[in-house]
file coords_11.pdb (PDB, C-alpha atoms)
ATOM      1  CA  MET B  18     108.859 104.611  -2.727
ATOM      2  CA  LYS B  19     109.832 102.414  -5.654
ATOM      3  CA  GLU B  20     109.885 105.389  -7.984
ATOM      4  CA  PHE B  21     112.641 106.906  -5.804
ATOM      5  CA  GLY B  22     114.762 103.767  -5.979
ATOM      6  CA  VAL B  23     113.874 102.470  -2.521
ATOM      7  CA  LYS B  24     113.474  98.688  -2.384
ATOM      8  CA  PRO B  25     111.989  96.445   0.330
ATOM      9  CA  GLY B  26     114.481  95.238   2.921
ATOM     10  CA  GLN B  27     113.545  93.289   6.043
ATOM     11  CA  ILE B  28     109.838  93.721   6.683
ATOM     12  CA  ASP B  29     108.788  91.972   9.894
ATOM     13  CA  LYS B  30     105.233  90.777  10.405
ATOM     14  CA  LEU B  31     103.769  93.578  12.472
ATOM     15  CA  SER B  32     100.214  92.670  13.374
ATOM     16  CA  GLU B  33      97.003  90.967  12.282
ATOM     17  CA  ARG B  34      95.092  94.149  13.057
ATOM     18  CA  LYS B  35      93.392  95.937  10.187
ATOM     19  CA  PHE B  36      91.380  99.120   9.897
ATOM     20  CA  ALA B  37      87.660  98.540   9.787
ATOM     21  CA  ARG B  38      87.590 100.382   6.462
ATOM     22  CA  GLY B  39      89.997 101.955   4.046
ATOM     23  CA  PHE B  40      91.263 105.496   4.440
ATOM     24  CA  SER B  41      93.055 108.131   2.432
ATOM     25  CA  TYR B  42      96.185 109.843   3.646
ATOM     26  CA  LEU B  43      97.711 113.191   2.771
ATOM     27  CA  GLY B  44     101.194 113.904   4.047
ATOM     28  CA  ASP B  45     104.784 112.705   3.952
ATOM     29  CA  ALA B  46     105.611 108.998   4.024
ATOM     30  CA  LYS B  47     107.863 109.217   7.083
ATOM     31  CA  SER B  48     105.026 110.488   9.285
ATOM     32  CA  LEU B  49     102.737 107.664   8.213
ATOM     33  CA  LEU B  50     105.481 105.076   8.726
ATOM     34  CA  ARG B  51     106.241 106.499  12.156
ATOM     35  CA  GLU B  52     102.600 106.239  13.225
ATOM     36  CA  VAL B  53     102.184 102.705  11.864
ATOM     37  CA  CYS B  54     105.371 101.539  13.582
ATOM     38  CA  PHE B  55     104.394 103.158  16.875
ATOM     39  CA  ALA B  56     101.004 101.425  16.785
ATOM     40  CA  THR B  57     102.570  98.029  16.076
ATOM     41  CA  GLY B  58     105.695  98.173  18.256
ATOM     42  CA  ALA B  59     108.222  98.508  15.446
ATOM     43  CA  ARG B  60     110.739 100.916  13.938
ATOM     44  CA  TRP B  61     111.754 101.753  10.387
ATOM     45  CA  TRP B  62     114.741 103.159   8.532
ATOM     46  CA  ILE B  63     116.310 103.243   5.072
ATOM     47  CA  GLN B  64     119.772 101.773   4.577
ATOM     48  CA  ASP B  65     121.535 101.302   1.225
ATOM     49  CA  ASP B  66     118.345 102.137  -0.694
ATOM     50  CA  ARG B  67     116.349  99.506   1.219
ATOM     51  CA  ILE B  68     113.577 100.201   3.709
ATOM     52  CA  HIS B  69     113.536  98.051   6.828
ATOM     53  CA  VAL B  70     110.541  97.723   9.152
ATOM     54  CA  VAL B  71     111.655  95.730  12.202
ATOM     55  CA  LYS B  72     109.801  94.778  15.367
ATOM     56  CA  ASN B  73     111.155  96.336  18.559
ATOM     57  CA  GLY B  74     113.860  94.207  20.119
ATOM     58  CA  ASN B  75     114.598  92.373  16.851
ATOM     59  CA  ALA B  76     117.826  92.582  14.885
ATOM     60  CA  LEU B  77     118.297  92.427  11.149
ATOM     61  CA  LYS B  78     118.519  88.914   9.811
ATOM     62  CA  GLY B  79     121.729  87.889   8.152
ATOM     63  CA  GLU B  80     125.388  87.736   9.019
ATOM     64  CA  THR B  81     126.717  88.367  12.518
ATOM     65  CA  TYR B  82     129.994  90.289  12.334
ATOM     66  CA  VAL B  83     132.749  89.200  14.706
ATOM     67  CA  LEU B  84     134.656  92.032  16.372
ATOM     68  CA  ASN B  85     138.078  91.219  17.802
ATOM     69  CA  SER B  86     141.648  92.434  17.406
ATOM     70  CA  THR B  87     141.998  90.431  14.188
ATOM     71  CA  THR B  88     138.876  91.854  12.522
ATOM     72  CA  GLY B  89     139.529  95.471  13.487
ATOM     73  CA  LEU B  90     138.445  95.967  17.102
ATOM     74  CA  ILE B  91     140.568  98.728  18.620
ATOM     75  CA  GLY B  92     141.420  98.201  22.272
ATOM     76  CA  LEU B  93     138.705  96.762  24.492
ATOM     77  CA  ALA B  94     134.976  97.360  24.304
ATOM     78  CA  GLU B  95     133.501  98.957  27.430
ATOM     79  CA  GLN B  96     130.275  98.263  29.306
ATOM     80  CA  THR B  97     128.512 101.535  30.107
ATOM     81  CA  LEU B  98     125.059 102.785  31.078
ATOM     82  CA  ASP B  99     124.470 103.512  27.382
ATOM     83  CA  GLY B 100     125.357  99.953  26.369
ATOM     84  CA  VAL B 101     128.521  98.211  25.240
ATOM     85  CA  VAL B 102     130.695 100.797  23.482
ATOM     86  CA  ALA B 103     133.246  99.594  20.943
ATOM     87  CA  ARG B 104     135.548 101.148  18.358
ATOM     88  CA  CYS B 105     136.874  99.362  15.300
ATOM     89  CA  LEU B 106     138.453 100.171  11.973
ATOM     90  CA  MET B 107     135.863 101.721   9.667
ATOM     91  CA  ASN B 108     133.387  99.085   8.556
ATOM     92  CA  ARG B 109     130.501 100.094   6.301
ATOM     93  CA  LYS B 110     128.756  96.787   7.038
ATOM     94  CA  LEU B 111     127.939  97.987  10.543
ATOM     95  CA  TYR B 112     124.761 100.021  10.982
ATOM     96  CA  PRO B 113     121.788 100.066  13.403
ATOM     97  CA  GLY B 114     120.033  96.714  13.656
ATOM     98  CA  VAL B 115     123.062  94.647  12.603
ATOM     99  CA  LYS B 116     124.329  91.910  14.964
ATOM    100  CA  VAL B 117     127.927  91.779  16.160
ATOM    101  CA  GLN B 118     129.754  89.198  18.241
ATOM    102  CA  ILE B 119     132.162  90.382  20.909
ATOM    103  CA  ASN B 120     133.907  87.941  23.217
ATOM    104  CA  GLU B 121     133.378  88.609  26.914
ATOM    105  CA  ALA B 122     137.154  88.774  27.409
ATOM    106  CA  SER B 123     137.247  91.757  25.023
ATOM    107  CA  ILE B 124     134.861  93.829  27.165
ATOM    108  CA  THR B 125     135.794  95.899  30.198
ATOM    109  CA  ARG B 126     133.010  95.475  32.722
ATOM    110  CA  ALA B 127     131.478  98.479  34.421
ATOM    111  CA  ALA B 128     132.365  98.860  38.095
ATOM    112  CA  VAL B 129     129.622  98.204  40.630
ATOM    113  CA  SER B 130     128.699 101.352  42.541
ATOM    114  CA  PRO B 131     128.196 101.081  46.311
ATOM    115  CA  ALA B 132     125.873 104.097  46.335
ATOM    116  CA  TYR B 133     122.305 103.420  47.460
ATOM    117  CA  LEU B 134     120.804 105.311  44.533
ATOM    118  CA  ALA B 135     122.868 103.246  42.083
ATOM    119  CA  GLU B 136     120.941 100.045  42.819
ATOM    120  CA  VAL B 137     118.917 100.222  39.586
ATOM    121  CA  ASN B 138     122.017 100.898  37.481
ATOM    122  CA  ASN B 139     123.862  98.020  39.118
ATOM    123  CA  GLN B 140     120.943  95.726  38.390
ATOM    124  CA  ASN B 141     120.785  96.840  34.750
ATOM    125  CA  LEU B 142     124.529  96.184  34.344
ATOM    126  CA  SER B 143     124.376  92.715  35.892
ATOM    127  CA  ASN B 144     124.519  89.644  33.643
ATOM    128  CA  ASN B 145     120.733  89.309  33.771
ATOM    129  CA  GLY B 146     120.145  93.040  33.343
ATOM    130  CA  ILE B 147     119.107  94.872  30.199
ATOM    131  CA  LEU B 148     122.628  96.303  29.858
ATOM    132  CA  GLY B 149     124.392  93.113  30.892
ATOM    133  CA  ILE B 150     127.119  91.171  29.104
ATOM    134  CA  ALA B 151     125.613  88.723  26.603
ATOM    135  CA  ALA B 152     126.191  85.087  27.494
ATOM    136  CA  ASP B 153     126.460  84.174  23.805
ATOM    137  CA  GLY B 154     128.435  87.306  22.905
ATOM    138  CA  ILE B 155     125.782  88.471  20.410
ATOM    139  CA  TYR B 156     124.848  92.156  20.471
ATOM    140  CA  ARG B 157     122.532  94.379  18.444
ATOM    141  CA  CYS B 158     123.908  97.697  17.185
ATOM    142  CA  GLU B 159     121.733 100.596  18.337
ATOM    143  CA  LEU B 160     123.951 103.567  17.458
ATOM    144  CA  VAL B 161     126.693 103.569  14.827
ATOM    145  CA  GLU B 162     128.959 106.469  13.904
ATOM    146  CA  HIS B 163     131.548 106.388  11.112
ATOM    147  CA  ASN B 164     134.403 108.875  11.515
ATOM    148  CA  GLY B 165     136.980 109.579   8.830
ATOM    149  CA  ASP B 166     139.476 112.317   8.036
ATOM    150  CA  THR B 167     141.045 112.599   4.584
ATOM    151  CA  ARG B 168     143.883 114.573   6.160
ATOM    152  CA  GLY B 169     144.482 112.269   9.096
ATOM    153  CA  PRO B 170     144.779 108.637  10.173
ATOM    154  CA  ASN B 171     141.404 108.401  11.916
ATOM    155  CA  TRP B 172     139.124 105.993  10.048
ATOM    156  CA  TYR B 173     136.986 104.477  12.749
ATOM    157  CA  THR B 174     133.518 103.101  13.331
ATOM    158  CA  GLU B 175     132.144 103.559  16.833
ATOM    159  CA  ILE B 176     129.134 101.561  17.985
ATOM    160  CA  ILE B 177     126.887 101.334  21.012
ATOM    161  CA  CYS B 178     125.198  97.955  21.232
ATOM    162  CA  VAL B 179     123.062  95.927  23.629
ATOM    163  CA  LYS B 180     122.720  92.188  24.023
ATOM    164  CA  ASN B 181     120.461  90.829  21.329
ATOM    165  CA  ASP B 182     118.494  88.692  23.752
ATOM    166  CA  GLY B 183     116.239  91.194  25.524
ATOM    167  CA  GLY B 184     118.684  94.051  25.953
ATOM    168  CA  TYR B 185     117.944  97.748  25.502
ATOM    169  CA  SER B 186     119.370 101.082  26.573
ATOM    170  CA  PRO B 187     117.118 103.470  28.572
ATOM    171  CA  SER B 188     119.478 106.394  27.988
ATOM    172  CA  LEU B 189     119.429 105.899  24.205
ATOM    173  CA  LEU B 190     115.658 105.395  24.228
ATOM    174  CA  ALA B 191     115.337 108.766  25.952
ATOM    175  CA  GLN B 192     117.051 110.237  22.870
ATOM    176  CA  GLY B 193     114.756 108.352  20.490
ATOM    177  CA  ILE B 194     117.468 105.823  19.584
ATOM    178  CA  GLY B 195     117.016 102.071  19.601
ATOM    179  CA  SER B 196     114.050 100.006  20.717
ATOM    180  CA  ASN B 197     112.584  98.178  23.651
ATOM    181  CA  VAL B 198     110.446  95.060  23.480
ATOM    182  CA  ASP B 199     108.325  96.518  26.298
ATOM    183  CA  ASP B 200     107.182  99.164  23.815
ATOM    184  CA  ASP B 201     105.030  96.444  22.238
ATOM    185  CA  GLN B 202     102.830  96.353  25.345
ATOM    186  CA  GLN B 203     102.439 100.115  25.429
ATOM    187  CA  SER B 204     101.733 100.195  21.696
ATOM    188  CA  LEU B 205      99.076  97.505  22.124
ATOM    189  CA  LYS B 206      97.389  99.509  24.876
ATOM    190  CA  ALA B 207      97.414 102.615  22.687
ATOM    191  CA  ALA B 208      96.032 100.703  19.720
ATOM    192  CA  THR B 209      93.288  99.135  21.842
ATOM    193  CA  ALA B 210      92.311 102.535  23.212
ATOM    194  CA  ALA B 211      92.171 103.870  19.652
ATOM    195  CA  GLN B 212      89.901 101.006  18.556
ATOM    196  CA  ASN B 213      87.492 101.754  21.394
ATOM    197  CA  ASP B 214      87.273 105.359  20.233
ATOM    198  CA  PRO B 215      84.138 106.107  18.132
ATOM    199  CA  SER B 216      86.317 107.645  15.429
ATOM    200  CA  TYR B 217      88.405 104.456  15.016
ATOM    201  CA  GLY B 218      89.076 103.809  11.345
ATOM    202  CA  THR B 219      89.639 107.493  10.641
ATOM    203  CA  PRO B 220      93.239 107.899  11.853
ATOM    204  CA  ASN B 221      94.464 111.108  13.389
ATOM    205  CA  TYR B 222      98.138 111.559  12.526
ATOM    206  CA  GLY B 223      98.723 114.373  14.982
ATOM    207  CA  ASN B 224      99.236 113.232  18.567
ATOM    208  CA  THR B 225      98.587 116.162  20.891
ATOM    209  CA  ASP B 226      98.125 114.260  24.143
ATOM    210  CA  PRO B 227     101.294 114.786  26.241
ATOM    211  CA  SER B 228     100.556 111.604  28.225
ATOM    212  CA  VAL B 229     100.832 109.386  25.141
ATOM    213  CA  LYS B 230     104.339 108.338  24.184
ATOM    214  CA  GLY B 231     105.120 108.530  20.495
ATOM    215  CA  PRO B 232     105.771 110.767  17.478
ATOM    216  CA  ARG B 233     104.013 114.109  17.275
TER     217      ARG B 233
END

call {"tool": "encode", "arguments": {"input": "coords_11.pdb", "output": "structure tokens"}}
result
Amino acid sequence: MKEFGVKPGQIDKLSERKFARGFSYLGDAKSLLREVCFATGARWWIQDDRIHVVKNGNALKGETYVLNSTTGLIGLAEQTLDGVVARCLMNRKLYPGVKVQINEASITRAAVSPAYLAEVNNQNLSNNGILGIAADGIYRCELVEHNGDTRGPNWYTEIICVKNDGGYSPSLLAQGIGSNVDDDQQSLKAATAAQNDPSYGTPNYGNTDPSVKGPR
């Protein structure tokens, strides 16, 4: 990718696993990257001409951006079943994988539902749940949208984030957004099954099995 001006960003150590022998590949780079990341429990993206390959559940290393009324937070953040939703003045430094710090007092907690079928949601929204309020106030941005209007006053950045310590959003994952550390276990099982296959070492980059989670 160097010839297209793409430089290495954060490249996490993915795995010690190696193919038994070399192989040739014909196709687009994004499909190969998607397959490699699926097999190793990671995700990739390009931001500001840098490619990042980050393990599931990890955030980008570097600065943690504080969001409060002084730094541009608009109103209060809100705890939802998607994650903690916040709006601030447009900030180009915010993008998926970046860490933000939001004080607990600046977040409106989700109401507990008395409905029997809401038990799982209530558990996820609890302090110890995957969508809970972070004890240290550190969150990982999963979805970031920048909205601007040259003919109006709206110049906002809207984010959906989860606590950096073990948090993830099932609803966003269902849309292919974000990551879950549990994916590592499923990826390991898939990789082990592939190794036990007689054709291991000759990758098939077209997943046609509907029971296997991952790119197609």

call {"tool": "resolve_selection", "arguments": {"input": "coords_11.pdb", "expression": "the PyMOL selection byres ((chain B and resi 139) around 10)", "output": "number ranges by chain"}}
result
B: 98, 127-132, 134-138, 140-143, 146, 148-149

call {"tool": "residues_around", "arguments": {"input": "coords_11.pdb", "residues": "Gln96 of chain B", "least_positions_apart": "3", "cutoff": "6 Å", "atoms": "only C-alpha atoms", "output": "count of residues only"}}
result
4

call {"tool": "resolve_selection", "arguments": {"input": "coords_11.pdb", "expression": "the PyMOL selection byres ((chain B and resi 106) around 8)", "output": "PDB file with C-alpha atoms, in the frame of the given file"}}
result
ATOM      1  CA  GLY B  89     139.529  95.471  13.487  1.00  0.00           C
ATOM      2  CA  LEU B  90     138.445  95.967  17.102  1.00  0.00           C
ATOM      3  CA  ILE B  91     140.568  98.728  18.620  1.00  0.00           C
ATOM      4  CA  ARG B 104     135.548 101.148  18.358  1.00  0.00           C
ATOM      5  CA  CYS B 105     136.874  99.362  15.300  1.00  0.00           C
ATOM      6  CA  MET B 107     135.863 101.721   9.667  1.00  0.00           C
ATOM      7  CA  ASN B 108     133.387  99.085   8.556  1.00  0.00           C
ATOM      8  CA  TRP B 172     139.124 105.993  10.048  1.00  0.00           C
ATOM      9  CA  TYR B 173     136.986 104.477  12.749  1.00  0.00           C
ATOM     10  CA  THR B 174     133.518 103.101  13.331  1.00  0.00           C
TER      11      THR B 174
END

call {"tool": "resolve_selection", "arguments": {"input": "coords_11.pdb", "expression": "the PyMOL selection byres ((chain B and resi 158-171) around 6)", "output": "VMD selection string"}}
result
chain B and resid 112 to 115 157 172 to 178 195

call {"tool": "atom_distance", "arguments": {"input": "coords_11.pdb", "atom1": "atom CA of Ala191 of chain B", "atom2": "atom CA of Ile63 of chain B"}}
result
21.6 Å

call {"tool": "axis_aligned_box", "arguments": {"input": "coords_11.pdb", "around": "segment 77-84 of chain B", "padding_each_side": "6 Å", "output": "JSON"}}
result
{"center_x": 126.5, "center_y": 90.1, "center_z": 12.3, "size_x": 28.4, "size_y": 16.7, "size_z": 20.2}

call {"tool": "atom_distance", "arguments": {"input": "coords_11.pdb", "atom1": "atom CA of Ile68 of chain B", "atom2": "atom CA of Ser188 of chain B"}}
result
25.7 Å

call {"tool": "atom_distance", "arguments": {"input": "coords_11.pdb", "atom1": "atom CA of Val179 of chain B", "atom2": "atom CA of Glu95 of chain B"}}
result
11.5 Å

call {"tool": "closest_residue", "arguments": {"input": "coords_11.pdb", "among": "B:Tyr156, B:Glu52, B:Leu111, B:Gly92", "to": "Thr125 of chain B", "atoms": "only C-alpha atoms"}}
result
B:Gly92

call {"tool": "residues_around", "arguments": {"input": "coords_11.pdb", "residues": "Asp29 of chain B", "least_positions_apart": "6", "cutoff": "7 Å", "atoms": "only C-alpha atoms", "output": "ChimeraX atom specification"}}
result
/B:70-72

call {"tool": "closest_residue", "arguments": {"input": "coords_11.pdb", "among": "B:Thr97, B:Gln64, B:Gln192, B:Asn73", "to": "Lys24 of chain B", "atoms": "only C-alpha atoms"}}
result
B:Gln64

call {"tool": "closest_residue", "arguments": {"input": "coords_11.pdb", "among": "B:Asp99, B:Lys30, B:Asn181, B:Val53", "to": "Ile194 of chain B", "atoms": "only C-alpha atoms"}}
result
B:Asp99

call {"tool": "decode", "arguments": {"input": "coords_11.pdb", "residues": "segment 145-169 of chain B", "atoms": "N, CA, C and O atoms", "output": "PDB file, in the first residue's frame"}}
result
ATOM      1  N   ASN B 145     -21.402  -3.428  35.960  1.00  0.00           N
ATOM      2  CA  ASN B 145     -20.520  -4.535  35.575  1.00  0.00           C
ATOM      3  C   ASN B 145     -20.848  -5.089  34.191  1.00  0.00           C
ATOM      4  O   ASN B 145     -20.191  -6.021  33.729  1.00  0.00           O
ATOM      5  N   GLY B 146     -21.871  -4.543  33.555  1.00  0.00           N
ATOM      6  CA  GLY B 146     -22.289  -5.045  32.250  1.00  0.00           C
ATOM      7  C   GLY B 146     -21.446  -4.491  31.116  1.00  0.00           C
ATOM      8  O   GLY B 146     -20.664  -3.543  31.278  1.00  0.00           O
ATOM      9  N   ILE B 147     -21.626  -5.087  29.943  1.00  0.00           N
ATOM     10  CA  ILE B 147     -20.830  -4.691  28.776  1.00  0.00           C
ATOM     11  C   ILE B 147     -21.170  -3.288  28.290  1.00  0.00           C
ATOM     12  O   ILE B 147     -20.371  -2.653  27.589  1.00  0.00           O
ATOM     13  N   LEU B 148     -22.356  -2.795  28.664  1.00  0.00           N
ATOM     14  CA  LEU B 148     -22.769  -1.441  28.282  1.00  0.00           C
ATOM     15  C   LEU B 148     -22.817  -0.515  29.492  1.00  0.00           C
ATOM     16  O   LEU B 148     -23.436   0.548  29.445  1.00  0.00           O
ATOM     17  N   GLY B 149     -22.145  -0.921  30.563  1.00  0.00           N
ATOM     18  CA  GLY B 149     -22.189  -0.163  31.801  1.00  0.00           C
ATOM     19  C   GLY B 149     -21.363   1.119  31.757  1.00  0.00           C
ATOM     20  O   GLY B 149     -20.605   1.373  30.818  1.00  0.00           O
ATOM     21  N   ILE B 150     -21.531   1.923  32.805  1.00  0.00           N
ATOM     22  CA  ILE B 150     -20.757   3.156  32.962  1.00  0.00           C
ATOM     23  C   ILE B 150     -19.352   2.787  33.431  1.00  0.00           C
ATOM     24  O   ILE B 150     -19.181   2.006  34.368  1.00  0.00           O
ATOM     25  N   ALA B 151     -18.340   3.329  32.783  1.00  0.00           N
ATOM     26  CA  ALA B 151     -16.953   3.001  33.120  1.00  0.00           C
ATOM     27  C   ALA B 151     -16.560   3.623  34.451  1.00  0.00           C
ATOM     28  O   ALA B 151     -16.776   4.819  34.677  1.00  0.00           O
ATOM     29  N   ALA B 152     -15.977   2.801  35.321  1.00  0.00           N
ATOM     30  CA  ALA B 152     -15.562   3.296  36.631  1.00  0.00           C
ATOM     31  C   ALA B 152     -14.481   4.365  36.506  1.00  0.00           C
ATOM     32  O   ALA B 152     -14.441   5.318  37.284  1.00  0.00           O
ATOM     33  N   ASP B 153     -13.609   4.213  35.511  1.00  0.00           N
ATOM     34  CA  ASP B 153     -12.524   5.186  35.322  1.00  0.00           C
ATOM     35  C   ASP B 153     -12.877   6.275  34.322  1.00  0.00           C
ATOM     36  O   ASP B 153     -12.077   7.173  34.050  1.00  0.00           O
ATOM     37  N   GLY B 154     -14.096   6.189  33.744  1.00  0.00           N
ATOM     38  CA  GLY B 154     -14.542   7.213  32.804  1.00  0.00           C
ATOM     39  C   GLY B 154     -13.931   7.102  31.415  1.00  0.00           C
ATOM     40  O   GLY B 154     -14.135   7.991  30.581  1.00  0.00           O
ATOM     41  N   ILE B 155     -13.200   6.015  31.149  1.00  0.00           N
ATOM     42  CA  ILE B 155     -12.532   5.862  29.845  1.00  0.00           C
ATOM     43  C   ILE B 155     -13.389   4.996  28.929  1.00  0.00           C
ATOM     44  O   ILE B 155     -13.760   3.869  29.277  1.00  0.00           O
ATOM     45  N   TYR B 156     -13.660   5.526  27.738  1.00  0.00           N
ATOM     46  CA  TYR B 156     -14.487   4.830  26.752  1.00  0.00           C
ATOM     47  C   TYR B 156     -13.752   4.729  25.423  1.00  0.00           C
ATOM     48  O   TYR B 156     -12.871   5.534  25.115  1.00  0.00           O
ATOM     49  N   ARG B 157     -14.147   3.746  24.628  1.00  0.00           N
ATOM     50  CA  ARG B 157     -13.577   3.531  23.302  1.00  0.00           C
ATOM     51  C   ARG B 157     -14.629   3.871  22.248  1.00  0.00           C
ATOM     52  O   ARG B 157     -15.736   3.339  22.271  1.00  0.00           O
ATOM     53  N   CYS B 158     -14.298   4.775  21.354  1.00  0.00           N
ATOM     54  CA  CYS B 158     -15.239   5.167  20.294  1.00  0.00           C
ATOM     55  C   CYS B 158     -15.447   4.012  19.321  1.00  0.00           C
ATOM     56  O   CYS B 158     -14.482   3.470  18.765  1.00  0.00           O
ATOM     57  N   GLU B 159     -16.689   3.635  19.102  1.00  0.00           N
ATOM     58  CA  GLU B 159     -17.015   2.580  18.148  1.00  0.00           C
ATOM     59  C   GLU B 159     -17.612   3.145  16.863  1.00  0.00           C
ATOM     60  O   GLU B 159     -17.359   2.640  15.779  1.00  0.00           O
ATOM     61  N   LEU B 160     -18.418   4.180  16.990  1.00  0.00           N
ATOM     62  CA  LEU B 160     -19.040   4.822  15.827  1.00  0.00           C
ATOM     63  C   LEU B 160     -18.914   6.327  15.985  1.00  0.00           C
ATOM     64  O   LEU B 160     -19.242   6.879  17.032  1.00  0.00           O
ATOM     65  N   VAL B 161     -18.413   6.981  14.948  1.00  0.00           N
ATOM     66  CA  VAL B 161     -18.215   8.434  14.978  1.00  0.00           C
ATOM     67  C   VAL B 161     -18.786   9.035  13.701  1.00  0.00           C
ATOM     68  O   VAL B 161     -18.485   8.574  12.598  1.00  0.00           O
ATOM     69  N   GLU B 162     -19.614  10.048  13.849  1.00  0.00           N
ATOM     70  CA  GLU B 162     -20.183  10.742  12.699  1.00  0.00           C
ATOM     71  C   GLU B 162     -19.929  12.238  12.847  1.00  0.00           C
ATOM     72  O   GLU B 162     -20.235  12.826  13.894  1.00  0.00           O
ATOM     73  N   HIS B 163     -19.380  12.848  11.802  1.00  0.00           N
ATOM     74  CA  HIS B 163     -19.138  14.289  11.788  1.00  0.00           C
ATOM     75  C   HIS B 163     -20.204  14.934  10.909  1.00  0.00           C
ATOM     76  O   HIS B 163     -20.387  14.546   9.747  1.00  0.00           O
ATOM     77  N   ASN B 164     -20.915  15.907  11.452  1.00  0.00           N
ATOM     78  CA  ASN B 164     -21.998  16.569  10.726  1.00  0.00           C
ATOM     79  C   ASN B 164     -21.745  18.068  10.660  1.00  0.00           C
ATOM     80  O   ASN B 164     -21.561  18.727  11.683  1.00  0.00           O
ATOM     81  N   GLY B 165     -21.717  18.591   9.434  1.00  0.00           N
ATOM     82  CA  GLY B 165     -21.504  20.023   9.254  1.00  0.00           C
ATOM     83  C   GLY B 165     -22.380  20.573   8.150  1.00  0.00           C
ATOM     84  O   GLY B 165     -22.778  19.842   7.240  1.00  0.00           O
ATOM     85  N   ASP B 166     -22.694  21.840   8.229  1.00  0.00           N
ATOM     86  CA  ASP B 166     -23.549  22.490   7.230  1.00  0.00           C
ATOM     87  C   ASP B 166     -22.990  23.883   6.963  1.00  0.00           C
ATOM     88  O   ASP B 166     -23.002  24.751   7.844  1.00  0.00           O
ATOM     89  N   THR B 167     -22.483  24.092   5.747  1.00  0.00           N
ATOM     90  CA  THR B 167     -21.888  25.392   5.418  1.00  0.00           C
ATOM     91  C   THR B 167     -22.920  26.514   5.417  1.00  0.00           C
ATOM     92  O   THR B 167     -22.560  27.692   5.421  1.00  0.00           O
ATOM     93  N   ARG B 168     -24.201  26.152   5.416  1.00  0.00           N
ATOM     94  CA  ARG B 168     -25.246  27.168   5.422  1.00  0.00           C
ATOM     95  C   ARG B 168     -26.009  27.202   6.747  1.00  0.00           C
ATOM     96  O   ARG B 168     -27.100  27.753   6.824  1.00  0.00           O
ATOM     97  N   GLY B 169     -25.438  26.547   7.751  1.00  0.00           N
ATOM     98  CA  GLY B 169     -26.108  26.531   9.047  1.00  0.00           C
ATOM     99  C   GLY B 169     -25.116  26.451  10.184  1.00  0.00           C
ATOM    100  O   GLY B 169     -23.904  26.370   9.972  1.00  0.00           O
TER     101      GLY B 169
END
